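**Student:** Dropping in final.pdb, with PDB, C-alpha atoms.
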ATOM      1  CA  MET A  41       7.557 -26.587 -53.119  1.00  0.00           C
ATOM      2  CA  ILE A  42      11.146 -25.709 -53.972  1.00  0.00           C
ATOM      3  CA  GLU A  43      13.499 -24.681 -51.205  1.00  0.00           C
ATOM      4  CA  PRO A  44      14.767 -21.151 -51.945  1.00  0.00           C
ATOM      5  CA  VAL A  45      18.343 -22.242 -51.214  1.00  0.00           C
ATOM      6  CA  LEU A  46      18.155 -24.553 -54.260  1.00  0.00           C
ATOM      7  CA  LEU A  47      17.463 -21.454 -56.361  1.00  0.00           C
ATOM      8  CA  GLY A  48      20.456 -19.597 -54.933  1.00  0.00           C
ATOM      9  CA  LEU A  49      18.370 -17.709 -52.360  1.00  0.00           C
ATOM     10  CA  PRO A  50      19.596 -18.902 -48.944  1.00  0.00           C
ATOM     11  CA  VAL A  51      18.633 -15.747 -46.999  1.00  0.00           C
ATOM     12  CA  GLU A  52      14.956 -15.669 -46.078  1.00  0.00           C
ATOM     13  CA  ALA A  53      13.131 -13.016 -44.106  1.00  0.00           C
ATOM     14  CA  VAL A  54       9.611 -12.227 -42.966  1.00  0.00           C
ATOM     15  CA  LEU A  55       8.645  -8.568 -43.268  1.00  0.00           C
ATOM     16  CA  TRP A  56       5.795  -6.948 -41.360  1.00  0.00           C
ATOM     17  CA  VAL A  57       4.947  -3.701 -43.156  1.00  0.00           C
ATOM     18  CA  ARG A  58       2.906  -0.842 -41.732  1.00  0.00           C
ATOM     19  CA  THR A  59       1.626   1.756 -44.166  1.00  0.00           C
ATOM     20  CA  VAL A  60      -0.617   4.759 -44.217  1.00  0.00           C
ATOM     21  CA  PRO A  61      -4.026   3.235 -45.079  1.00  0.00           C
ATOM     22  CA  ALA A  62      -4.315   5.237 -48.297  1.00  0.00           C
ATOM     23  CA  GLU A  63      -0.980   3.818 -49.507  1.00  0.00           C
ATOM     24  CA  VAL A  64      -1.432   0.127 -48.745  1.00  0.00           C
ATOM     25  CA  GLU A  65      -2.490  -0.698 -52.323  1.00  0.00           C
ATOM     26  CA  ALA A  66       0.549   1.048 -53.838  1.00  0.00           C
ATOM     27  CA  VAL A  67       2.947  -0.673 -51.439  1.00  0.00           C
ATOM     28  CA  THR A  68       1.323  -4.056 -52.069  1.00  0.00           C
ATOM     29  CA  ALA A  69       1.578  -3.627 -55.836  1.00  0.00           C
ATOM     30  CA  ALA A  70       5.261  -2.690 -55.610  1.00  0.00           C
ATOM     31  CA  LEU A  71       6.057  -5.625 -53.340  1.00  0.00           C
ATOM     32  CA  ALA A  72       4.158  -8.085 -55.536  1.00  0.00           C
ATOM     33  CA  GLU A  73       6.315  -7.092 -58.526  1.00  0.00           C
ATOM     34  CA  SER A  74       9.594  -7.919 -56.765  1.00  0.00           C
ATOM     35  CA  PRO A  75      11.248 -11.239 -57.664  1.00  0.00           C
ATOM     36  CA  HIS A  76      12.405 -11.464 -54.026  1.00  0.00           C
ATOM     37  CA  VAL A  77       8.855 -11.523 -52.657  1.00  0.00           C
ATOM     38  CA  ARG A  78       7.538 -15.069 -52.391  1.00  0.00           C
ATOM     39  CA  TYR A  79       4.265 -14.199 -50.664  1.00  0.00           C
ATOM     40  CA  VAL A  80       2.439 -11.029 -49.688  1.00  0.00           C
ATOM     41  CA  SER A  81      -0.920 -10.723 -47.970  1.00  0.00           C
ATOM     42  CA  PHE A  82      -3.078  -8.218 -46.153  1.00  0.00           C
ATOM     43  CA  VAL A  83      -3.323  -8.880 -42.410  1.00  0.00           C
ATOM     44  CA  THR A  84      -5.089  -7.339 -39.443  1.00  0.00           C
ATOM     45  CA  GLY A  85      -3.430  -5.752 -36.452  1.00  0.00           C
ATOM     46  CA  GLU A  86      -0.716  -3.120 -36.151  1.00  0.00           C
ATOM     47  CA  ARG A  87       0.750  -3.995 -39.552  1.00  0.00           C
ATOM     48  CA  GLN A  88      -1.153  -4.197 -42.829  1.00  0.00           C
ATOM     49  CA  LEU A  89       1.114  -6.552 -44.803  1.00  0.00           C
ATOM     50  CA  LEU A  90       2.892  -9.853 -44.228  1.00  0.00           C
ATOM     51  CA  VAL A  91       5.688 -10.442 -46.732  1.00  0.00           C
ATOM     52  CA  LEU A  92       7.817 -13.575 -47.158  1.00  0.00           C
ATOM     53  CA  THR A  93      11.072 -12.941 -49.014  1.00  0.00           C
ATOM     54  CA  ALA A  94      14.208 -14.737 -50.237  1.00  0.00           C
ATOM     55  CA  PHE A  95      17.576 -13.266 -51.251  1.00  0.00           C
ATOM     56  CA  PRO A  96      20.991 -14.400 -52.481  1.00  0.00           C
ATOM     57  CA  ASP A  97      22.726 -12.746 -49.519  1.00  0.00           C
ATOM     58  CA  GLU A  98      22.227 -10.399 -46.571  1.00  0.00           C
ATOM     59  CA  ALA A  99      23.400  -7.396 -48.595  1.00  0.00           C
ATOM     60  CA  ALA A 100      20.511  -7.911 -51.030  1.00  0.00           C
ATOM     61  CA  LEU A 101      18.064  -8.097 -48.112  1.00  0.00           C
ATOM     62  CA  HIS A 102      19.549  -4.907 -46.670  1.00  0.00           C
ATOM     63  CA  ASP A 103      19.111  -3.113 -50.003  1.00  0.00           C
ATOM     64  CA  PHE A 104      15.520  -4.357 -50.249  1.00  0.00           C
ATOM     65  CA  VAL A 105      14.529  -2.900 -46.877  1.00  0.00           C
ATOM     66  CA  THR A 106      16.475   0.364 -47.176  1.00  0.00           C
ATOM     67  CA  ARG A 107      16.412   1.504 -50.819  1.00  0.00           C
ATOM     68  CA  PRO A 108      13.227   0.717 -52.793  1.00  0.00           C
ATOM     69  CA  SER A 109      10.700   3.373 -53.734  1.00  0.00           C
ATOM     70  CA  TRP A 110       7.846   1.658 -51.847  1.00  0.00           C
ATOM     71  CA  LEU A 111       9.538   2.620 -48.556  1.00  0.00           C
ATOM     72  CA  ARG A 112       8.356   6.205 -49.022  1.00  0.00           C
ATOM     73  CA  GLU A 113       4.803   4.982 -48.384  1.00  0.00           C
ATOM     74  CA  ALA A 114       5.743   2.660 -45.514  1.00  0.00           C
ATOM     75  CA  VAL A 115       5.491   3.849 -41.915  1.00  0.00           C
ATOM     76  CA  SER A 116       7.583   0.952 -40.600  1.00  0.00           C
ATOM     77  CA  VAL A 117       9.106  -2.340 -41.718  1.00  0.00           C
ATOM     78  CA  ASP A 118       9.959  -5.018 -39.170  1.00  0.00           C
ATOM     79  CA  VAL A 119      12.331  -7.693 -40.464  1.00  0.00           C
ATOM     80  CA  SER A 120      12.681 -11.182 -38.987  1.00  0.00           C
ATOM     81  CA  MET A 121      15.332 -13.495 -40.412  1.00  0.00           C
ATOM     82  CA  VAL A 122      14.151 -17.060 -41.027  1.00  0.00           C
ATOM     83  CA  LEU A 123      16.522 -19.409 -39.211  1.00  0.00           C
ATOM     84  CA  GLY A 124      14.990 -22.622 -40.511  1.00  0.00           C
ATOM     85  CA  SER A 125      11.787 -23.997 -41.991  1.00  0.00           C
ATOM     86  CA  LEU A 126      10.040 -27.074 -40.694  1.00  0.00           C
ATOM     87  CA  LYS A 127       7.081 -27.101 -43.069  1.00  0.00           C
ATOM     88  CA  ARG A 128       6.397 -25.495 -46.464  1.00  0.00           C
ATOM     89  CA  GLY A 129       3.309 -25.699 -48.611  1.00  0.00           C
ATOM     90  CA  GLY A 130       1.761 -28.225 -46.243  1.00  0.00           C
ATOM     91  CA  MET A 131       4.753 -30.571 -46.472  1.00  0.00           C
ATOM     92  CA  LEU A 132       7.128 -31.415 -43.616  1.00  0.00           C
ATOM     93  CA  ALA A 133      10.814 -30.825 -44.230  1.00  0.00           C
ATOM     94  CA  PRO A 134      12.504 -34.078 -45.371  1.00  0.00           C
ATOM     95  CA  TRP A 135      14.554 -34.356 -42.175  1.00  0.00           C
ATOM     96  CA  LEU A 136      11.340 -34.432 -40.082  1.00  0.00           C
ATOM     97  CA  ARG A 137       9.714 -37.308 -41.946  1.00  0.00           C
ATOM     98  CA  HIS A 138       9.874 -40.761 -40.338  1.00  0.00           C
TER      99      HIS A 138
END
Would you mind writing the file's structure down as structure tokens?

**Tutor:**
Amino acid sequence: MIEPVLLGLPVEAVLWVRTVPAEVEAVTAALAESPHVRYVSFVTGERQLLVLTAFPDEAALHDFVTRPSWLREAVSVDVSMVLGSLKRGGMLAPWLRH
């Protein structure tokens, strides 16, 4: 697992996307094509999609959640900034290992 910051992508965010049911496939396909999307999956509950993203800066994140064409099919997008990661890909962060 490579830390996104090592690839020049220090800004990470989790997106919870709600779509009209008939549009979930189109939104998923568009998200999956983006180089900023690290992970996308269907989930149950109020939102249909969980999306993990990484960006070079906050301006790029802002553009991603305000300008792409897939937003026309989205009902809502909730964005949570990742403040720090303790475990990735089943591995503890190096600073947590004893």

**Student:** Between CA of Val83 (chain A) and CA of Trp110 (chain A), measure the distance and give it in Å to one decimal.

**Tutor:**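 Going from CA of Val83 (chain A) over to CA of Trp110 (chain A), I get 18.0 Å.
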
**Student:** So what do you get for CA of Pro96 (chain A) versus CA of Pro50 (chain A), distance-wise?

**Tutor:** 5.9 Å

**Student:** Please provide the set of residues having any atom within 7 Å of region 55-68 of chain A, restricted to all atoms listed in the file, with same-chain residues fewer than 2 positions apart removed, written as a ChimeraX atom specification.

**Tutor:** /A:53,70-72,87-92,110,113-120

**Student:** Starting from the shown file, work through the PyMOL selection byres ((chain A and resi 52) around 8) and note down what comes out as a count of residues only.

**Tutor:** 12

**Student:** For the atom pair CA of Gly85 (chain A) and CA of Phe104 (chain A), what is the interatomic distance in Å to one decimal place?

**Tutor:**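 Going from CA of Gly85 (chain A) over to CA of Phe104 (chain A), I get 23.5 Å.
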